[in-house]
>>> print(open('entry39.cif').read())   # mmCIF, C-alpha atoms
data_my_file
loop_
_atom_site.label_atom_id
_atom_site.label_comp_id
_atom_site.auth_asym_id
_atom_site.auth_seq_id
_atom_site.Cartn_x
_atom_site.Cartn_y
_atom_site.Cartn_z
CA MET A 6 105.49 68.77 101.98
CA GLU A 7 105.20 65.07 102.68
CA ALA A 8 108.39 65.10 104.81
CA LEU A 9 106.99 67.96 106.93
CA ALA A 10 103.62 66.24 107.24
CA LYS A 11 105.35 63.06 108.46
CA ARG A 12 106.87 65.19 111.24
CA GLY A 13 103.41 66.31 112.30
CA LYS A 14 103.54 69.74 110.70
CA SER A 15 100.40 71.24 109.20
CA ILE A 16 100.86 72.24 105.57
CA PHE A 17 98.82 74.88 103.75
CA GLY A 18 99.17 76.23 100.25
CA CYS A 19 97.49 78.66 97.94
CA ASP A 20 97.43 79.63 94.31
CA ILE A 21 95.48 82.06 92.16
CA SER A 22 94.48 79.22 89.83
CA ASN A 23 91.56 77.03 90.82
CA GLU A 24 92.96 74.32 88.50
CA ILE A 25 96.33 74.32 90.33
CA VAL A 26 94.56 74.21 93.70
CA ARG A 27 92.47 71.24 92.55
CA THR A 28 95.55 69.42 91.18
CA ASN A 29 97.54 70.09 94.37
CA ARG A 30 94.72 68.78 96.54
CA MET A 31 94.75 65.57 94.52
CA HIS A 32 98.55 65.10 94.56
CA PHE A 33 99.20 66.29 98.12
CA PRO A 34 96.43 65.02 100.40
CA CYS A 35 98.66 65.84 103.40
CA ALA A 36 98.13 69.57 102.77
CA GLU A 37 95.24 72.01 102.67
CA PHE A 38 95.03 74.23 99.57
CA GLU A 39 92.90 77.31 98.92
CA GLU A 40 92.42 79.62 95.96
CA VAL A 41 93.95 82.94 97.03
CA ASP A 42 95.09 85.97 95.03
CA VAL A 43 97.92 87.27 97.23
CA SER A 44 97.86 90.57 95.38
CA LYS A 45 94.37 91.21 96.81
CA GLU A 46 93.88 89.11 99.93
CA THR A 47 95.33 86.96 102.67
CA TYR A 48 94.61 83.32 103.44
CA PRO A 49 90.92 82.68 104.32
CA SER A 50 89.79 83.44 107.86
CA GLY A 51 92.96 85.46 108.51
CA LYS A 52 94.94 82.25 109.04
CA CYS A 53 98.62 82.87 109.86
CA PHE A 54 101.61 80.56 109.58
CA ASP A 55 105.05 80.13 111.15
CA LEU A 56 106.64 80.22 107.68
CA VAL A 57 105.28 81.67 104.45
CA ILE A 58 107.06 80.70 101.23
CA ALA A 59 106.65 82.79 98.08
CA SER A 60 108.76 80.98 95.52
CA GLU A 61 108.85 82.58 92.08
CA VAL A 62 105.60 84.48 92.78
CA LEU A 63 106.25 88.22 93.10
CA GLU A 64 107.60 88.71 89.58
CA HIS A 65 104.17 87.64 88.23
CA ILE A 66 102.28 90.33 90.17
CA GLN A 67 102.08 93.96 89.01
CA ASP A 68 101.49 95.38 92.51
CA TRP A 69 104.17 93.28 94.17
CA GLN A 70 104.40 95.68 97.11
CA LEU A 71 100.77 94.99 98.04
CA ALA A 72 101.35 91.26 97.55
CA THR A 73 104.34 91.47 99.90
CA LYS A 74 102.13 93.18 102.48
CA TYR A 75 99.57 90.36 102.27
CA LEU A 76 102.25 87.65 102.39
CA THR A 77 103.90 89.18 105.47
CA THR A 78 100.48 89.56 107.10
CA MET A 79 100.06 85.78 106.78
CA SER A 80 103.35 85.10 108.56
CA LYS A 81 103.72 84.87 112.34
CA ARG A 82 107.49 84.55 112.16
CA TYR A 83 109.31 83.90 108.87
CA ILE A 84 108.95 84.53 105.15
CA LEU A 85 111.07 82.91 102.45
CA ILE A 86 111.08 84.61 99.05
CA THR A 87 112.75 83.43 95.88
CA ALA A 88 112.76 85.78 92.90
CA PRO A 89 114.76 86.59 89.78
CA THR A 90 117.15 89.53 89.85
CA ALA A 91 118.46 89.74 86.28
CA LYS A 92 117.12 91.90 83.49
CA LEU A 93 113.80 90.89 81.97
CA HIS A 94 114.45 88.68 78.95
CA PRO A 95 111.86 88.05 76.23
CA ILE A 96 111.07 84.61 77.64
CA ASP A 97 110.49 86.16 81.09
CA ARG A 98 107.90 88.52 79.65
CA MET A 99 106.34 85.63 77.74
CA ILE A 100 105.77 83.66 80.94
CA GLY A 101 104.24 86.63 82.73
CA HIS A 102 107.05 88.40 84.55
CA PHE A 103 106.35 92.08 85.19
CA GLN A 104 109.55 92.89 87.08
CA HIS A 105 112.76 91.45 88.47
CA TYR A 106 114.21 92.69 91.75
CA THR A 107 117.28 93.81 93.56
CA LEU A 108 118.06 92.71 97.09
CA LYS A 109 117.39 96.32 98.15
CA ASP A 110 113.90 96.30 96.52
CA LEU A 111 112.82 93.24 98.47
CA LYS A 112 114.66 94.12 101.68
CA ASP A 113 113.09 97.61 101.80
CA GLU A 114 109.59 96.22 101.20
CA LEU A 115 110.02 93.54 103.86
CA GLU A 116 111.25 96.15 106.37
CA LYS A 117 108.16 98.30 105.66
CA ASN A 118 106.14 95.29 106.77
CA SER A 119 108.06 94.61 110.01
CA PHE A 120 110.42 91.92 108.69
CA ARG A 121 114.20 91.94 108.67
CA VAL A 122 116.35 89.89 106.31
CA ILE A 123 118.32 87.33 108.29
CA PHE A 124 119.76 85.43 105.32
CA TYR A 125 120.07 85.90 101.59
CA ARG A 126 121.83 84.07 98.83
CA TYR A 127 122.22 84.44 95.10
CA TRP A 128 122.10 81.38 92.85
CA GLY A 129 122.58 80.57 89.18
CA ILE A 130 126.23 81.01 88.24
CA PRO A 131 127.51 79.46 86.05
CA LEU A 132 124.98 77.04 84.51
CA HIS A 133 121.58 78.64 85.08
CA ALA A 134 122.94 81.92 83.73
CA LEU A 135 124.24 80.14 80.62
CA TYR A 136 120.91 78.34 80.21
CA LYS A 137 118.95 81.64 80.43
CA TYR A 138 121.30 83.30 77.94
CA LEU A 139 121.03 80.45 75.45
CA ILE A 140 117.25 80.04 75.58
CA ASN A 141 116.83 83.76 74.99
CA LEU A 142 119.35 83.73 72.16
CA PHE A 143 117.86 80.77 70.27
CA TYR A 144 114.15 80.40 69.53
CA TYR A 145 112.75 81.04 73.00
CA GLU A 146 109.18 80.75 71.66
CA LYS A 147 109.86 77.25 70.30
CA ILE A 148 111.54 76.21 73.55
CA TYR A 149 108.61 77.59 75.55
CA ASP A 150 106.14 75.69 73.37
CA ALA A 151 108.07 72.43 73.80
CA PHE A 152 108.48 72.70 77.58
CA ALA A 153 105.48 74.66 78.82
CA LEU A 154 102.54 74.03 76.53
CA LYS A 155 102.80 70.34 75.72
CA ARG A 156 102.97 67.13 77.68
CA TYR A 157 106.58 66.06 78.17
CA GLY A 158 107.82 63.29 75.92
CA ILE A 159 110.90 61.20 76.66
CA LYS A 160 113.24 63.86 75.15
CA GLU A 161 111.82 66.67 77.31
CA LYS A 162 111.92 64.47 80.42
CA LEU A 163 115.56 63.56 79.82
CA ILE A 164 116.57 67.17 79.19
CA SER A 165 114.72 68.34 82.32
CA GLN A 166 116.28 65.61 84.47
CA PHE A 167 119.74 66.41 83.09
CA LEU A 168 119.34 70.13 83.82
CA TYR A 169 117.96 69.38 87.29
CA TYR A 170 121.15 67.55 88.30
CA LEU A 171 123.46 69.84 86.35
CA PHE A 172 122.08 72.91 88.15
CA TYR A 173 123.45 71.58 91.47
CA VAL A 174 126.81 72.93 90.26
CA ASN A 175 125.34 76.41 90.86
CA ASP A 176 125.17 75.65 94.61
CA ILE A 177 128.95 76.03 94.81
CA PHE A 178 128.77 79.77 94.12
CA ASN A 179 126.87 82.57 95.86
CA ALA A 180 126.22 84.35 92.59
CA GLY A 181 123.61 84.48 89.86
CA SER A 182 120.27 85.90 88.89
CA GLN A 183 118.10 84.08 91.41
CA LEU A 184 117.76 85.54 94.89
CA PHE A 185 116.72 83.64 98.02
CA ILE A 186 115.72 85.72 101.05
CA LEU A 187 114.76 84.55 104.52
CA ALA A 188 113.26 87.28 106.70
CA GLU A 189 112.05 87.26 110.29
CA LYS A 190 109.25 89.30 111.81
CA TYR A 191 110.15 91.91 114.39
CA ASN A 192 108.03 94.20 116.54
CA LYS A 193 108.28 97.90 115.71
#
>>> encode(input="entry39.cif", output="structure tokens")
Amino acid sequence: MEALAKRGKSIFGCDISNEIVRTNRMHFPCAEFEEVDVSKETYPSGKCFDLVIASEVLEHIQDWQLATKYLTTMSKRYILITAPTAKLHPIDRMIGHFQHYTLKDLKDELEKNSFRVIFYRYWGIPLHALYKYLINLFYYEKIYDAFALKRYGIKEKLISQFLYYLFYVNDIFNAGSQLFILAEKYNK
């Protein structure tokens, strides 16, 4: 966000959580944040953007088709969606996932809303897939408690930093359980 702001771009963001909005406003003064439930509404005042990014959002919304409609309504030109595609694991349900998608699911819904997919890519093979398998095999509740509910200690910070760099290996392959879609608006 800061890099885009330095280039003179206006940055806007939204979240369903007032706490997240407040935190983002504090950490990113270069951007404007609003509390918005994209499953029920668009950005305030009907504001539209050149690019709308919904990264790891749709799987947390029961009526994801309606959310997609609102997200595409907010976009003048592009929408970028990232979402999981694999089966729902216990840890996914624990963190609030209702559904995972196929490319066809998302492509069809985008087309209903006057967008066409211009690029897509899968990500996660080999290391993210192994990570997901292992955390679901061994004590996913304990892992969730250590990494989602508590403040990170030195051990958690080191593990997270290690995984962050290790996951770059996944960029080599166009395969895995994460899907990235870039779609462009067209006139019907």
>>> resolve_selection(input="entry39.cif", expression="the PyMOL selection byres ((chain A and resi 128-138) around 6)", output="list in words")
Tyr127, Leu139, Ile140, Asn141, Asn175, Asn179, Ala180, Gly181, Ser182 and Gln183 of chain A
>>> residues_around(input="entry39.cif", residues="A:Asn192", least_positions_apart="5", cutoff="12 Å", atoms="all atoms listed in the file", output="PyMOL selection string")
chain A and resi 81-82+116-121
>>> closest_residue(input="entry39.cif", among="A:Glu39, A:Ile96, A:His32, A:Tyr83", to="A:Asp55", atoms="only C-alpha atoms")
A:Tyr83
>>> resolve_selection(input="entry39.cif", expression="the PyMOL selection byres ((chain A and resi 20) around 9)", output="list in words")
Gly18, Cys19, Ile21, Ser22, Asn23, Ile25, Val26, Phe38, Glu39, Glu40, Val41, Asp42 and Val43 of chain A
>>> closest_residue(input="entry39.cif", among="A:Asn29, A:Thr47, A:Ser15, A:Ser60", to="A:Thr78", atoms="only C-alpha atoms")
A:Thr47
>>> residues_around(input="entry39.cif", residues="A:Lys109", least_positions_apart="3", cutoff="12 Å", atoms="all atoms listed in the file", output="ChimeraX atom specification")
/A:90,105-106,112-116,121-122,125,184,186
>>> atom_distance(input="entry39.cif", atom1="atom CA of A:Leu9", atom2="atom CA of A:Phe167")
27.1 Å
>>> closest_residue(input="entry39.cif", among="A:Ser80, A:Thr73, A:Gln104, A:Gln67", to="A:Phe54", atoms="all atoms listed in the file")
A:Ser80
>>> residues_around(input="entry39.cif", residues="A:Glu7", least_positions_apart="3", cutoff="10 Å", atoms="all atoms listed in the file", output="list in words")
Ala10, Lys11, Arg12, Gly13, Lys14, Ile16, Phe33, Pro34, Cys35 and Ala36 of chain A
>>> atom_distance(input="entry39.cif", atom1="atom CA of A:Ala188", atom2="atom CA of A:Leu85")
6.5 Å
>>> atom_distance(input="entry39.cif", atom1="atom CA of A:Glu64", atom2="atom CA of A:Phe103")
5.7 Å
>>> closest_residue(input="entry39.cif", among="A:Met31, A:Val57, A:Ala91, A:Ile100", to="A:Glu146", atoms="only C-alpha atoms")
A:Ile100
>>> closest_residue(input="entry39.cif", among="A:Leu111, A:Phe124, A:Tyr191, A:Lys45", to="A:Leu71", atoms="only C-alpha atoms")
A:Lys45
>>> residues_near_point(input="entry39.cif", point="(102.3, 93.6, 93.1)", cutoff="6 Å", atoms="only C-alpha atoms", output="ChimeraX atom specification")
/A:44,66-72
>>> closest_residue(input="entry39.cif", among="A:Thr87, A:Arg126, A:Pro49, A:Tyr75", to="A:Ile177", atoms="all atoms listed in the file")
A:Arg126
>>> build_atoms(input="entry39.cif", residues="stretch 110-132 of chain A", atoms="N, CA and C atoms", output="CSV table (one decimal), in the coordinates of the input")
chain,number,residue,atom,x,y,z
A,110,ASP,N,115.4,96.2,96.8
A,110,ASP,CA,113.9,96.3,96.5
A,110,ASP,C,113.1,95.4,97.5
A,111,LEU,N,113.5,94.2,97.6
A,111,LEU,CA,112.8,93.2,98.5
A,111,LEU,C,113.1,93.5,100.0
A,112,LYS,N,114.3,93.8,100.3
A,112,LYS,CA,114.7,94.1,101.7
A,112,LYS,C,113.9,95.3,102.2
A,113,ASP,N,113.8,96.4,101.4
A,113,ASP,CA,113.1,97.6,101.8
A,113,ASP,C,111.6,97.3,102.0
A,114,GLU,N,111.0,96.5,101.1
A,114,GLU,CA,109.6,96.2,101.2
A,114,GLU,C,109.3,95.3,102.4
A,115,LEU,N,110.2,94.4,102.7
A,115,LEU,CA,110.0,93.5,103.9
A,115,LEU,C,110.1,94.4,105.1
A,116,GLU,N,111.1,95.3,105.2
A,116,GLU,CA,111.2,96.2,106.4
A,116,GLU,C,110.0,97.0,106.6
A,117,LYS,N,109.4,97.5,105.5
A,117,LYS,CA,108.2,98.3,105.7
A,117,LYS,C,107.1,97.5,106.3
A,118,ASN,N,107.2,96.2,106.2
A,118,ASN,CA,106.1,95.3,106.8
A,118,ASN,C,106.6,94.5,108.0
A,119,SER,N,107.6,95.1,108.7
A,119,SER,CA,108.1,94.6,110.0
A,119,SER,C,108.8,93.3,109.9
A,120,PHE,N,109.6,93.1,108.8
A,120,PHE,CA,110.4,91.9,108.7
A,120,PHE,C,111.8,92.4,108.4
A,121,ARG,N,112.8,91.6,109.0
A,121,ARG,CA,114.2,91.9,108.7
A,121,ARG,C,114.8,90.7,108.0
A,122,VAL,N,115.7,91.0,107.0
A,122,VAL,CA,116.4,89.9,106.3
A,122,VAL,C,117.4,89.3,107.2
A,123,ILE,N,117.3,88.0,107.4
A,123,ILE,CA,118.3,87.3,108.3
A,123,ILE,C,119.3,86.5,107.5
A,124,PHE,N,118.9,86.2,106.2
A,124,PHE,CA,119.8,85.4,105.3
A,124,PHE,C,119.4,85.7,103.9
A,125,TYR,N,120.4,85.8,103.0
A,125,TYR,CA,120.1,85.9,101.6
A,125,TYR,C,121.2,85.2,100.8
A,126,ARG,N,120.9,84.8,99.7
A,126,ARG,CA,121.8,84.1,98.8
A,126,ARG,C,121.4,84.2,97.4
A,127,TYR,N,122.4,84.4,96.5
A,127,TYR,CA,122.2,84.4,95.1
A,127,TYR,C,122.5,83.0,94.6
A,128,TRP,N,121.9,82.7,93.4
A,128,TRP,CA,122.1,81.4,92.8
A,128,TRP,C,122.0,81.5,91.3
A,129,GLY,N,122.7,80.6,90.6
A,129,GLY,CA,122.6,80.6,89.2
A,129,GLY,C,123.8,80.6,88.4
A,130,ILE,N,125.0,81.0,89.0
A,130,ILE,CA,126.2,81.0,88.2
A,130,ILE,C,126.9,79.7,88.5
A,131,PRO,N,127.4,79.0,87.4
A,131,PRO,CA,127.5,79.5,86.0
A,131,PRO,C,126.4,78.9,85.1
A,132,LEU,N,125.8,77.8,85.5
A,132,LEU,CA,125.0,77.0,84.5
A,132,LEU,C,123.6,77.6,84.3
